[in-house]
file query_33.tsv (TSV, C-alpha atoms)
chain	number	residue	atom	x	y	z
A	1	MET	CA	10.15	7.93	3.27
A	2	SER	CA	9.23	5.14	0.89
A	3	LEU	CA	12.37	3.10	1.48
A	4	ARG	CA	12.08	3.52	5.17
A	5	LEU	CA	8.64	1.92	5.40
A	6	LEU	CA	10.44	-1.25	5.91
A	7	PHE	CA	10.21	-4.90	5.45
A	8	PRO	CA	12.80	-7.43	6.44
A	9	SER	CA	14.20	-7.41	2.92
A	10	LEU	CA	16.01	-4.28	4.11
A	11	LYS	CA	17.15	-5.78	7.39
A	12	ASP	CA	20.39	-4.20	8.34
A	13	ASP	CA	21.17	-6.68	11.06
A	14	GLY	CA	21.35	-9.72	8.81
A	15	THR	CA	24.31	-8.51	6.83
A	16	HIS	CA	26.40	-7.84	9.90
A	17	LYS	CA	25.82	-11.32	11.19
A	18	GLY	CA	26.85	-12.66	7.80
A	19	ASP	CA	30.13	-10.76	7.95
A	20	SER	CA	31.14	-12.02	11.35
A	21	MET	CA	30.24	-15.56	10.35
A	22	THR	CA	32.40	-15.43	7.25
A	23	LYS	CA	35.29	-14.28	9.38
A	24	ALA	CA	34.70	-17.18	11.74
A	25	PHE	CA	34.83	-19.66	8.87
A	26	PHE	CA	38.10	-18.46	7.47
A	27	GLY	CA	39.60	-18.04	10.92
A	28	ALA	CA	40.80	-20.85	13.09
A	29	THR	CA	37.65	-22.98	12.99
A	30	GLY	CA	38.29	-24.40	9.54
A	31	PHE	CA	36.64	-26.64	7.05
A	32	ALA	CA	34.82	-29.06	9.36
A	33	PHE	CA	32.84	-26.21	10.85
A	34	LEU	CA	31.84	-24.97	7.41
A	35	LEU	CA	30.65	-28.44	6.47
A	36	ALA	CA	28.65	-28.75	9.67
A	37	PHE	CA	27.09	-25.38	9.00
A	38	LEU	CA	26.08	-26.28	5.45
A	39	LEU	CA	24.54	-29.52	6.66
A	40	ALA	CA	22.65	-27.62	9.33
A	41	LEU	CA	21.19	-25.36	6.66
A	42	THR	CA	19.70	-28.15	4.54
A	43	PRO	CA	16.65	-28.97	6.68
A	44	VAL	CA	15.71	-25.28	6.68
A	45	TRP	CA	15.46	-25.29	2.89
A	46	ALA	CA	13.55	-28.53	2.91
A	47	LYS	CA	11.06	-27.11	5.35
A	48	GLU	CA	10.44	-23.99	3.29
A	49	ALA	CA	9.89	-25.88	0.08
A	50	ALA	CA	7.54	-28.40	1.68
A	51	PRO	CA	4.16	-26.70	1.07
A	52	VAL	CA	4.83	-26.51	-2.67
A	53	ALA	CA	5.47	-30.21	-2.91
A	54	GLU	CA	2.58	-31.11	-0.63
A	55	ASP	CA	-0.23	-30.05	-2.87
A	56	PRO	CA	0.49	-28.83	-6.40
A	57	GLU	CA	-3.24	-28.30	-6.92
A	58	ILE	CA	-3.46	-25.69	-4.15
A	59	GLU	CA	-0.21	-24.13	-5.26
A	60	LYS	CA	-1.62	-23.66	-8.75
A	61	ARG	CA	-4.88	-22.21	-7.44
A	62	MET	CA	-2.96	-19.90	-5.09
A	63	THR	CA	-0.77	-18.61	-7.94
A	64	THR	CA	-3.75	-17.96	-10.20
A	65	LEU	CA	-5.60	-16.08	-7.47
A	66	SER	CA	-2.62	-14.05	-6.31
A	67	GLU	CA	-1.87	-12.91	-9.87
A	68	ASP	CA	-4.90	-10.63	-9.53
A	69	LEU	CA	-3.82	-9.27	-6.16
A	70	ARG	CA	-1.57	-6.30	-5.56
A	71	CYS	CA	1.37	-6.42	-3.20
A	72	LEU	CA	1.06	-3.35	-0.98
A	73	VAL	CA	4.79	-3.04	-0.41
A	74	CYS	CA	5.98	-3.08	-4.01
A	75	GLN	CA	2.80	-1.70	-5.47
A	76	ASN	CA	3.38	-2.50	-9.11
A	77	GLU	CA	3.86	-6.19	-8.50
A	78	THR	CA	1.33	-8.91	-7.93
A	79	ILE	CA	1.38	-11.00	-4.79
A	80	ALA	CA	2.24	-13.93	-7.04
A	81	ALA	CA	5.32	-12.21	-8.46
A	82	SER	CA	6.62	-10.21	-5.52
A	83	ARG	CA	9.51	-11.41	-3.42
A	84	ALA	CA	8.72	-9.03	-0.56
A	85	ASP	CA	8.24	-10.61	2.82
A	86	PHE	CA	4.73	-9.22	2.90
A	87	ALA	CA	3.77	-11.06	-0.30
A	88	ASN	CA	5.31	-14.20	1.15
A	89	ASP	CA	3.09	-13.92	4.22
A	90	LEU	CA	-0.01	-13.36	2.14
A	91	ARG	CA	0.80	-16.33	-0.10
A	92	ARG	CA	1.10	-18.43	3.04
A	93	GLU	CA	-2.22	-17.08	4.29
A	94	ILE	CA	-3.96	-17.82	0.96
A	95	ARG	CA	-2.43	-21.31	0.84
A	96	GLU	CA	-3.64	-22.07	4.36
A	97	GLN	CA	-7.13	-20.80	3.70
A	98	MET	CA	-7.30	-22.93	0.55
A	99	GLN	CA	-6.25	-25.93	2.57
A	100	ALA	CA	-9.11	-25.05	4.93
A	101	LYS	CA	-11.46	-25.37	1.92
A	102	LYS	CA	-12.25	-21.67	1.62
A	103	SER	CA	-13.51	-20.48	-1.76
A	104	ASP	CA	-11.59	-17.91	-3.82
A	105	LYS	CA	-14.29	-15.33	-3.11
A	106	GLU	CA	-14.05	-15.87	0.64
A	107	ILE	CA	-10.28	-15.40	0.51
A	108	VAL	CA	-10.53	-12.23	-1.58
A	109	ASP	CA	-13.17	-10.85	0.82
A	110	PHE	CA	-10.86	-11.66	3.73
A	111	LEU	CA	-8.06	-9.63	2.13
A	112	VAL	CA	-10.29	-6.73	1.07
A	113	ALA	CA	-11.63	-6.46	4.64
A	114	ARG	CA	-8.06	-5.91	5.85
A	115	TYR	CA	-6.33	-4.06	3.04
A	116	GLY	CA	-9.20	-2.46	1.11
A	117	ASP	CA	-9.96	-2.55	-2.59
A	118	PHE	CA	-6.38	-1.51	-3.23
A	119	VAL	CA	-5.27	-5.15	-3.11
A	120	LEU	CA	-7.41	-5.88	-6.13
A	121	TYR	CA	-5.94	-5.23	-9.55
A	122	ARG	CA	-9.50	-5.36	-10.90
A	123	PRO	CA	-11.45	-2.85	-8.80
A	124	PRO	CA	-15.17	-3.56	-8.23
A	125	VAL	CA	-17.79	-1.38	-9.95
A	126	LYS	CA	-19.30	0.86	-7.26
A	127	SER	CA	-20.17	4.53	-6.75
A	128	THR	CA	-16.58	5.61	-6.04
A	129	THR	CA	-15.15	3.74	-9.02
A	130	LEU	CA	-17.80	4.69	-11.61
A	131	LEU	CA	-15.58	7.39	-13.10
A	132	LEU	CA	-12.66	4.97	-13.24
A	133	TRP	CA	-14.68	2.37	-15.11
A	134	PHE	CA	-16.73	4.61	-17.41
A	135	GLY	CA	-14.59	7.77	-17.61
A	136	PRO	CA	-12.75	6.57	-20.73
A	137	PHE	CA	-16.05	5.94	-22.52
A	138	ILE	CA	-17.24	9.44	-21.60
A	139	PHE	CA	-14.04	10.85	-23.11
A	140	LEU	CA	-14.56	8.71	-26.23
A	141	LEU	CA	-18.13	9.96	-26.60
A	142	GLY	CA	-17.03	13.57	-26.07
A	143	GLY	CA	-14.32	13.16	-28.68
A	144	ALA	CA	-16.76	11.66	-31.19
A	145	ILE	CA	-19.24	14.52	-30.70
A	146	ALA	CA	-16.48	17.13	-31.09
A	147	LEU	CA	-15.32	15.43	-34.30
A	148	LEU	CA	-18.86	15.38	-35.76
A	149	VAL	CA	-19.40	19.06	-34.99
A	150	TYR	CA	-16.05	19.95	-36.54
A	151	LEU	CA	-16.70	17.94	-39.72
A	152	LYS	CA	-20.12	19.52	-40.18
A	153	GLN	CA	-18.68	23.02	-39.90
A	154	ARG	CA	-15.94	22.18	-42.36
A	155	ARG	CA	-18.44	20.89	-44.92
A	156	LYS	CA	-20.21	24.29	-44.78
A	157	GLN	CA	-16.91	26.06	-45.41
A	158	ILE	CA	-15.98	24.04	-48.50
A	159	GLN	CA	-19.40	24.25	-50.21
A	160	GLU	CA	-19.12	25.62	-53.72
A	161	PRO	CA	-19.44	29.41	-53.83
A	162	GLN	CA	-22.53	30.75	-55.65
A	163	LEU	CA	-21.59	33.33	-58.23
A	164	SER	CA	-23.86	36.21	-59.13
A	165	ASP	CA	-24.64	36.87	-62.82
A	166	GLN	CA	-22.30	39.82	-62.90
A	167	GLU	CA	-19.46	37.76	-61.46
A	168	LEU	CA	-20.14	34.99	-64.00
A	169	LYS	CA	-19.95	37.39	-66.88
A	170	HIS	CA	-16.73	38.86	-65.55
A	171	THR	CA	-15.20	35.43	-65.28
A	172	GLU	CA	-16.21	34.50	-68.81
A	173	ASP	CA	-14.71	37.74	-70.12
A	174	LEU	CA	-11.46	37.00	-68.39
A	175	LEU	CA	-11.35	33.47	-69.82
A	176	LYS	CA	-12.04	34.74	-73.35
A	177	GLU	CA	-9.32	37.34	-73.02
A	178	ARG	CA	-6.86	34.64	-72.07
A	179	LYS	CA	-7.81	32.46	-75.05
A	180	GLY	CA	-7.36	35.43	-77.38
A	181	ASN	CA	-3.87	36.03	-76.04
A	182	ASN	CA	-2.85	32.43	-76.57
A	183	ALA	CA	-3.95	32.30	-80.17
B	1	MET	CA	-7.11	34.48	-29.89
B	2	THR	CA	-10.13	32.65	-28.49
B	3	ARG	CA	-9.22	29.46	-30.35
B	4	PHE	CA	-6.25	29.05	-27.97
B	5	LEU	CA	-8.36	29.46	-24.85
B	6	LEU	CA	-9.90	25.98	-24.94
B	7	PRO	CA	-6.60	24.01	-25.26
B	8	LEU	CA	-5.03	26.31	-22.67
B	9	GLY	CA	-7.95	25.67	-20.29
B	10	ILE	CA	-7.66	21.89	-20.76
B	11	PHE	CA	-3.91	22.12	-20.18
B	12	VAL	CA	-4.33	24.09	-16.95
B	13	VAL	CA	-6.91	21.62	-15.60
B	14	LEU	CA	-4.62	18.70	-16.49
B	15	VAL	CA	-1.65	20.33	-14.76
B	16	GLY	CA	-3.85	20.88	-11.70
B	17	PHE	CA	-4.75	17.19	-11.55
B	18	LEU	CA	-1.12	16.16	-12.01
B	19	LEU	CA	0.05	18.52	-9.26
B	20	VAL	CA	-2.47	17.08	-6.82
B	21	GLY	CA	-1.42	13.58	-7.89
B	22	LEU	CA	2.24	14.38	-7.26
B	23	ASN	CA	1.47	15.40	-3.70
B	24	LEU	CA	-0.47	12.24	-2.87
B	25	ASN	CA	1.55	9.50	-1.25
B	26	PRO	CA	0.76	6.19	-2.96
B	27	ARG	CA	2.02	4.35	0.11
B	28	GLN	CA	-0.74	5.78	2.27
B	29	VAL	CA	-3.42	3.25	1.49
B	30	PRO	CA	-6.53	4.13	3.50
B	31	SER	CA	-7.39	1.33	5.90
B	32	PRO	CA	-10.86	-0.19	5.61
B	33	LEU	CA	-10.63	-1.00	9.34
B	34	ILE	CA	-11.21	2.56	10.52
B	35	GLY	CA	-14.53	2.69	12.36
B	36	LYS	CA	-14.52	-1.09	12.73
B	37	PRO	CA	-13.83	-3.11	15.88
B	38	ALA	CA	-10.13	-3.84	16.32
B	39	PRO	CA	-9.45	-7.45	15.28
B	40	GLU	CA	-9.18	-9.76	18.25
B	41	PHE	CA	-5.89	-11.23	19.33
B	42	GLN	CA	-4.39	-13.18	22.17
B	43	LEU	CA	-0.63	-12.90	22.07
B	44	GLN	CA	2.40	-13.62	24.22
B	45	GLN	CA	3.97	-10.68	25.97
B	46	LEU	CA	7.49	-9.72	25.02
B	47	HIS	CA	8.88	-9.36	28.51
B	48	GLN	CA	6.95	-12.16	30.18
B	49	ALA	CA	6.46	-14.86	27.60
B	50	GLU	CA	4.27	-16.90	29.95
B	51	GLN	CA	1.70	-14.09	30.05
B	52	THR	CA	-0.64	-13.09	27.26
B	53	LEU	CA	-2.57	-9.97	26.38
B	54	THR	CA	-5.89	-10.04	24.56
B	55	SER	CA	-7.56	-7.24	22.65
B	56	LYS	CA	-10.39	-7.32	25.23
B	57	ASP	CA	-8.05	-6.46	28.11
B	58	ASN	CA	-7.97	-2.85	26.93
B	59	LEU	CA	-11.74	-2.31	26.67
B	60	GLY	CA	-12.76	0.82	28.54
B	61	LYS	CA	-9.67	2.86	27.75
B	62	VAL	CA	-8.29	4.76	24.82
B	63	TRP	CA	-4.96	3.28	23.73
B	64	LEU	CA	-2.42	3.28	20.94
B	65	LEU	CA	-1.18	0.14	19.27
B	66	ASN	CA	2.24	0.74	17.74
B	67	VAL	CA	3.57	-1.87	15.33
B	68	TRP	CA	7.35	-2.00	15.59
B	69	ALA	CA	10.38	-4.22	15.03
B	70	SER	CA	14.05	-4.07	15.86
B	71	TRP	CA	14.93	-4.45	12.17
B	72	CYS	CA	12.86	-1.42	11.21
B	73	VAL	CA	14.91	1.72	10.66
B	74	SER	CA	12.13	4.30	10.74
B	75	CYS	CA	10.96	2.88	14.08
B	76	ARG	CA	14.10	4.50	15.50
B	77	GLU	CA	13.00	7.78	14.02
B	78	GLU	CA	9.67	7.80	15.85
B	79	HIS	CA	10.88	6.06	18.99
B	80	PRO	CA	11.97	9.13	21.01
B	81	LEU	CA	8.53	10.64	20.43
B	82	LEU	CA	6.83	7.50	21.71
B	83	VAL	CA	9.06	7.43	24.78
B	84	GLU	CA	8.13	11.05	25.47
B	85	LEU	CA	4.45	10.36	24.90
B	86	ALA	CA	4.54	7.43	27.30
B	87	LYS	CA	6.27	9.58	29.95
B	88	SER	CA	3.58	12.23	29.63
B	89	GLY	CA	0.96	9.64	30.59
B	90	ILE	CA	-1.57	11.09	28.15
B	91	VAL	CA	-2.35	7.77	26.52
B	92	PRO	CA	-0.96	4.27	27.05
B	93	VAL	CA	1.08	2.90	24.14
B	94	TYR	CA	1.03	-0.84	23.52
B	95	GLY	CA	3.60	-2.37	21.22
B	96	LEU	CA	3.06	-5.08	18.63
B	97	ASN	CA	6.50	-6.53	18.00
B	98	TYR	CA	6.11	-7.59	14.40
B	99	LYS	CA	8.08	-10.46	12.83
B	100	ASP	CA	11.02	-10.04	15.16
B	101	GLN	CA	13.36	-12.11	17.30
B	102	ARG	CA	12.70	-11.86	21.02
B	103	ASP	CA	16.36	-11.27	21.90
B	104	ASP	CA	16.78	-8.56	19.27
B	105	ALA	CA	13.59	-6.86	20.39
B	106	LEU	CA	14.55	-6.84	24.08
B	107	ARG	CA	18.03	-5.53	23.29
B	108	TRP	CA	16.52	-2.82	21.10
B	109	LEU	CA	14.21	-1.64	23.89
B	110	LYS	CA	17.08	-1.63	26.35
B	111	GLN	CA	19.11	0.51	23.99
B	112	PHE	CA	16.47	3.04	22.94
B	113	GLY	CA	14.07	3.01	25.89
B	114	ASP	CA	10.78	1.19	26.37
B	115	PRO	CA	7.64	3.32	25.92
B	116	TYR	CA	5.27	0.38	25.92
B	117	THR	CA	2.85	-0.44	28.71
B	118	VAL	CA	3.02	-3.96	27.33
B	119	SER	CA	4.60	-5.28	24.16
B	120	ILE	CA	3.12	-8.34	22.55
B	121	VAL	CA	4.82	-10.52	19.98
B	122	ASP	CA	3.60	-11.49	16.53
B	123	PRO	CA	6.55	-13.49	15.20
B	124	GLU	CA	4.79	-14.71	12.04
B	125	GLY	CA	2.89	-11.54	11.27
B	126	ARG	CA	-0.54	-13.16	11.54
B	127	THR	CA	-2.08	-10.53	13.78
B	128	GLY	CA	-0.38	-8.05	11.48
B	129	ILE	CA	-2.42	-9.40	8.56
B	130	ASP	CA	-5.61	-9.07	10.63
B	131	TYR	CA	-4.79	-5.42	11.28
B	132	GLY	CA	-3.88	-4.78	7.64
B	133	VAL	CA	-0.24	-4.04	8.47
B	134	TYR	CA	1.87	-3.76	5.33
B	135	GLY	CA	4.79	-1.70	6.52
B	136	VAL	CA	6.38	-0.93	9.81
B	137	PRO	CA	5.90	1.30	11.77
B	138	GLU	CA	2.15	1.72	11.88
B	139	THR	CA	0.14	3.09	14.77
B	140	TYR	CA	-3.53	2.59	15.56
B	141	VAL	CA	-5.72	4.72	17.84
B	142	ILE	CA	-8.32	2.48	19.50
B	143	ASP	CA	-11.23	3.85	21.53
B	144	LYS	CA	-12.92	2.67	24.74
B	145	LYS	CA	-15.26	0.36	22.86
B	146	GLY	CA	-12.37	-1.27	21.06
B	147	VAL	CA	-13.01	0.46	17.72
B	148	ILE	CA	-10.11	1.57	15.51
B	149	ARG	CA	-10.42	5.32	15.02
B	150	TYR	CA	-7.22	6.25	13.22
B	151	LYS	CA	-4.23	4.64	11.58
B	152	GLN	CA	-0.86	6.34	11.19
B	153	ILE	CA	1.09	4.75	8.34
B	154	GLY	CA	4.81	5.27	8.72
B	155	PRO	CA	6.54	6.90	11.67
B	156	VAL	CA	4.61	9.01	14.15
B	157	THR	CA	5.69	12.62	13.66
B	158	VAL	CA	5.35	15.69	15.87
B	159	GLU	CA	2.91	17.06	13.33
B	160	ALA	CA	0.78	13.90	13.28
B	161	LEU	CA	0.72	13.88	17.07
B	162	GLN	CA	-0.28	17.52	17.36
B	163	THR	CA	-2.80	17.72	14.55
B	164	LYS	CA	-4.37	14.27	14.61
B	165	ILE	CA	-3.49	11.79	17.30
B	166	LEU	CA	-3.59	13.89	20.46
B	167	PRO	CA	-6.77	15.85	19.60
B	168	LEU	CA	-8.45	12.56	18.70
B	169	VAL	CA	-7.33	10.92	21.94
B	170	LYS	CA	-8.68	13.89	23.91
B	171	GLU	CA	-12.00	13.69	22.11
B	172	LEU	CA	-12.27	9.92	22.62
B	173	GLU	CA	-11.44	10.23	26.32
B	174	LEU	CA	-14.51	12.43	26.77
B	175	GLN	CA	-16.79	9.84	25.20
B	176	GLY	CA	-18.42	7.26	27.42

call {"tool": "encode", "arguments": {"input": "query_33.tsv", "output": "structure tokens"}}
result
Amino acid sequence: MSLRLLFPSLKDDGTHKGDSMTKAFFGATGFAFLLAFLLALTPVWAKEAAPVAEDPEIEKRMTTLSEDLRCLVCQNETIAASRADFANDLRREIREQMQAKKSDKEIVDFLVARYGDFVLYRPPVKSTTLLLWFGPFIFLLGGAIALLVYLKQRRKQIQEPQLSDQELKHTEDLLKERKGNNA
Amino acid sequence: MTRFLLPLGIFVVLVGFLLVGLNLNPRQVPSPLIGKPAPEFQLQQLHQAEQTLTSKDNLGKVWLLNVWASWCVSCREEHPLLVELAKSGIVPVYGLNYKDQRDDALRWLKQFGDPYTVSIVDPEGRTGIDYGVYGVPETYVIDKKGVIRYKQIGPVTVEALQTKILPLVKELELQG
């Protein structure tokens, strides 16, 4: 199920095309064709890299912002780190909105409106997330109270026993007896 | 004996939580768009590129928007169901051809059948972002007022059709 919710990274068509192309290269067509093909590829790379070079300021801002955003396809990665096509699209979207002078908050709101709070690695404090935010402190408090109660009970247990007069006398007799034996 | 009851109780509760957690699908992220107006679009049609379809064209009817692509394997899984659904005429299915090549998409429909009243194309996935698409296939149920009422993440299954989509469509049809 999870693998089949697909993104083009799992394209099955692409690989087949690649195979037939390789065959074409090493078939009759030869070296000139390969060279022409490589040259044809170059502008594609240049085009993809262009936005990065255009404005390093925006690129930096985009990276910082997308480090706090979750990629919904590979859910344990940030949009900044993920290589999924989906993360690529969202980086493009963020970049474009930054170029359109939108603030970080406006961009985050835009994404939350479409994908929900799940895109945020830092969920907002609201009624449904109260337990998430404060649950650990409740556990800490509970643990502290349990520890206090336990320590108090233990102190009672280890308090020195009060001996009655009869018991004291008996003890002294026993001690004397022991001394006598030693001598 | 009683001193073991408390740890045992805590353990049982913990196991309960973990069991529920195991059965949740982390990929099913609830969409914040449910109950909200479907985002507007104006997109080229797949078959007739010179014609467009806008989200407003479907006001007044209940319809399904199915996000699909020729490169998507699980779209093949749900496709026969969609074809059958379209044949039944219960509800029109519109296709959003997501990040695909026109030729590939047309060939795919020829091969597996075309259930779509109209397919529109979103080659760069921009409308997809507006609809909160993060995996393909996804299917939206949209009511007569143009409000999204349900989102199926992943392939449409017989079970989803019977228990959720079709009853919902029936209910929405009755509303004004």

call {"tool": "atom_distance", "arguments": {"input": "query_33.tsv", "atom1": "atom CA of B:Leu96", "atom2": "atom CA of B:Val67"}}
result
4.6 Å

call {"tool": "residues_around", "arguments": {"input": "query_33.tsv", "residues": "stretch 59-65 of chain B", "least_positions_apart": "4", "cutoff": "8 Å", "atoms": "all atoms listed in the file", "output": "list in words"}}
result
Ser55, Val91, Pro92, Val93, Tyr94, Gly95, Leu96, Thr139, Tyr140, Val141, Ile142, Asp143, Lys144, Lys145, Gly146, Val169, Leu172 and Glu173 of chain B

call {"tool": "closest_residue", "arguments": {"input": "query_33.tsv", "among": "A:Lys102, A:Glu67, A:Ser164, A:Asp117", "to": "chain B", "atoms": "only C-alpha atoms"}}
result
A:Asp117

call {"tool": "residues_around", "arguments": {"input": "query_33.tsv", "residues": "A:Ser103", "least_positions_apart": "4", "cutoff": "12 Å", "atoms": "all atoms listed in the file", "output": "PDB file with C-alpha atoms, in the frame of the given file"}}
result
ATOM      1  CA  ILE A  58      -3.460 -25.690  -4.150  1.00  0.00           C
ATOM      2  CA  ARG A  61      -4.880 -22.210  -7.440  1.00  0.00           C
ATOM      3  CA  MET A  62      -2.960 -19.900  -5.090  1.00  0.00           C
ATOM      4  CA  LEU A  65      -5.600 -16.080  -7.470  1.00  0.00           C
ATOM      5  CA  ILE A  94      -3.960 -17.820   0.960  1.00  0.00           C
ATOM      6  CA  ARG A  95      -2.430 -21.310   0.840  1.00  0.00           C
ATOM      7  CA  GLU A  96      -3.640 -22.070   4.360  1.00  0.00           C
ATOM      8  CA  GLN A  97      -7.130 -20.800   3.700  1.00  0.00           C
ATOM      9  CA  MET A  98      -7.300 -22.930   0.550  1.00  0.00           C
ATOM     10  CA  GLN A  99      -6.250 -25.930   2.570  1.00  0.00           C
ATOM     11  CA  ILE A 107     -10.280 -15.400   0.510  1.00  0.00           C
ATOM     12  CA  VAL A 108     -10.530 -12.230  -1.580  1.00  0.00           C
ATOM     13  CA  ASP A 109     -13.170 -10.850   0.820  1.00  0.00           C
ATOM     14  CA  PHE A 110     -10.860 -11.660   3.730  1.00  0.00           C
TER      15      PHE A 110
END

call {"tool": "residues_around", "arguments": {"input": "query_33.tsv", "residues": "stretch 37-44 of chain B", "least_positions_apart": "5", "cutoff": "6 Å", "atoms": "all atoms listed in the file", "output": "list in words"}}
result
Ala49, Gln51, Thr52, Leu53, Thr54, Ser55, Ile120, Val121, Gly146, Val147 and Ile148 of chain B

call {"tool": "closest_residue", "arguments": {"input": "query_33.tsv", "among": "B:Arg27, B:Arg76, B:Arg102, B:Arg3", "to": "chain A", "atoms": "all atoms listed in the file"}}
result
B:Arg27

call {"tool": "closest_residue", "arguments": {"input": "query_33.tsv", "among": "B:Leu24, B:Val136, B:Leu81, B:Leu8", "to": "chain A", "atoms": "all atoms listed in the file"}}
result
B:Val136

call {"tool": "closest_atom_pairs", "arguments": {"input": "query_33.tsv", "of": "chain B", "to": "chain A", "cutoff": "8 Å", "atoms": "all atoms listed in the file", "output": "tab-separated table"}}
result
residue	atom	partner	partner_atom	distance
B:Arg27	CA	A:Ser2	CA	7.3
B:Val29	CA	A:Phe118	CA	7.3
B:Pro30	CA	A:Gly116	CA	7.5
B:Ser31	CA	A:Tyr115	CA	6.2
B:Pro32	CA	A:Gly116	CA	5.3
B:Leu33	CA	A:Arg114	CA	6.5
B:Trp71	CA	A:Lys11	CA	5.4
B:Cys72	CA	A:Leu6	CA	5.8
B:Val73	CA	A:Arg4	CA	6.4
B:Ser74	CA	A:Arg4	CA	5.6
B:Gly125	CA	A:Asp89	CA	7.4
B:Ile129	CA	A:Arg114	CA	7.2
B:Asp130	CA	A:Arg114	CA	6.2
B:Tyr131	CA	A:Arg114	CA	6.4
B:Gly132	CA	A:Arg114	CA	4.7
B:Tyr134	CA	A:Leu72	CA	6.4
B:Gly135	CA	A:Leu5	CA	5.4
B:Val136	CA	A:Leu6	CA	5.6
B:Pro137	CA	A:Leu5	CA	7.0
B:Gly154	CA	A:Leu5	CA	6.1

call {"tool": "write_last_selection", "arguments": {"input": "query_33.tsv", "atoms": "C-alpha atoms", "output": "compact mmCIF listing (two decimals), keeping the file's coordinate frame"}}
result
# COMPACT_ATOMS: atom_id res chain seq x y z
CA ARG B 27 2.02 4.35 0.11
CA VAL B 29 -3.42 3.25 1.49
CA PRO B 30 -6.53 4.13 3.50
CA SER B 31 -7.39 1.33 5.90
CA PRO B 32 -10.86 -0.19 5.61
CA LEU B 33 -10.63 -1.00 9.34
CA TRP B 71 14.93 -4.45 12.17
CA CYS B 72 12.86 -1.42 11.21
CA VAL B 73 14.91 1.72 10.66
CA SER B 74 12.13 4.30 10.74
CA GLY B 125 2.89 -11.54 11.27
CA ILE B 129 -2.42 -9.40 8.56
CA ASP B 130 -5.61 -9.07 10.63
CA TYR B 131 -4.79 -5.42 11.28
CA GLY B 132 -3.88 -4.78 7.64
CA TYR B 134 1.87 -3.76 5.33
CA GLY B 135 4.79 -1.70 6.52
CA VAL B 136 6.38 -0.93 9.81
CA PRO B 137 5.90 1.30 11.77
CA GLY B 154 4.81 5.27 8.72

call {"tool": "atom_distance", "arguments": {"input": "query_33.tsv", "atom1": "atom CA of A:Tyr150", "atom2": "atom CA of B:Ile10"}}
result
18.0 Å

call {"tool": "atom_distance", "arguments": {"input": "query_33.tsv", "atom1": "atom CA of A:Gly135", "atom2": "atom CA of B:Pro26"}}
result
21.3 Å

call {"tool": "decode", "arguments": {"input": "query_33.tsv", "residues": "stretch 55-67 of chain A", "atoms": "N, CA and C atoms", "output": "JSON list (two decimals), in the first residue's frame"}}
result
[["chain", "number", "residue", "atom", "x", "y", "z"],
["A", 55, "ASP", "N", 18.80, 33.91, -7.24],
["A", 55, "ASP", "CA", 18.67, 34.68, -6.01],
["A", 55, "ASP", "C", 19.06, 33.84, -4.79],
["A", 56, "PRO", "N", 20.34, 33.91, -4.41],
["A", 56, "PRO", "CA", 20.79, 33.09, -3.27],
["A", 56, "PRO", "C", 20.07, 33.46, -1.98],
["A", 57, "GLU", "N", 19.63, 34.71, -1.90],
["A", 57, "GLU", "CA", 18.93, 35.18, -0.70],
["A", 57, "GLU", "C", 17.63, 34.38, -0.48],
["A", 58, "ILE", "N", 16.85, 34.29, -1.57],
["A", 58, "ILE", "CA", 15.58, 33.56, -1.51],
["A", 58, "ILE", "C", 15.83, 32.08, -1.28],
["A", 59, "GLU", "N", 16.87, 31.57, -1.91],
["A", 59, "GLU", "CA", 17.19, 30.15, -1.76],
["A", 59, "GLU", "C", 17.49, 29.83, -0.29],
["A", 60, "LYS", "N", 18.21, 30.74, 0.35],
["A", 60, "LYS", "CA", 18.57, 30.55, 1.75],
["A", 60, "LYS", "C", 17.32, 30.60, 2.63],
["A", 61, "ARG", "N", 16.47, 31.58, 2.35],
["A", 61, "ARG", "CA", 15.23, 31.74, 3.12],
["A", 61, "ARG", "C", 14.34, 30.50, 2.94],
["A", 62, "MET", "N", 14.27, 30.05, 1.67],
["A", 62, "MET", "CA", 13.44, 28.87, 1.36],
["A", 62, "MET", "C", 13.93, 27.65, 2.12],
["A", 63, "THR", "N", 15.26, 27.46, 2.14],
["A", 63, "THR", "CA", 15.82, 26.29, 2.83],
["A", 63, "THR", "C", 15.51, 26.36, 4.32],
["A", 64, "THR", "N", 15.70, 27.53, 4.91],
["A", 64, "THR", "CA", 15.45, 27.67, 6.35],
["A", 64, "THR", "C", 14.00, 27.35, 6.66],
["A", 65, "LEU", "N", 13.08, 27.90, 5.86],
["A", 65, "LEU", "CA", 11.66, 27.68, 6.11],
["A", 65, "LEU", "C", 11.29, 26.21, 5.92],
["A", 66, "SER", "N", 11.81, 25.61, 4.85],
["A", 66, "SER", "CA", 11.36, 24.25, 4.53],
["A", 66, "SER", "C", 12.02, 23.21, 5.44],
["A", 67, "GLU", "N", 12.99, 23.64, 6.27],
["A", 67, "GLU", "CA", 13.56, 22.70, 7.24],
["A", 67, "GLU", "C", 12.58, 22.41, 8.37]]
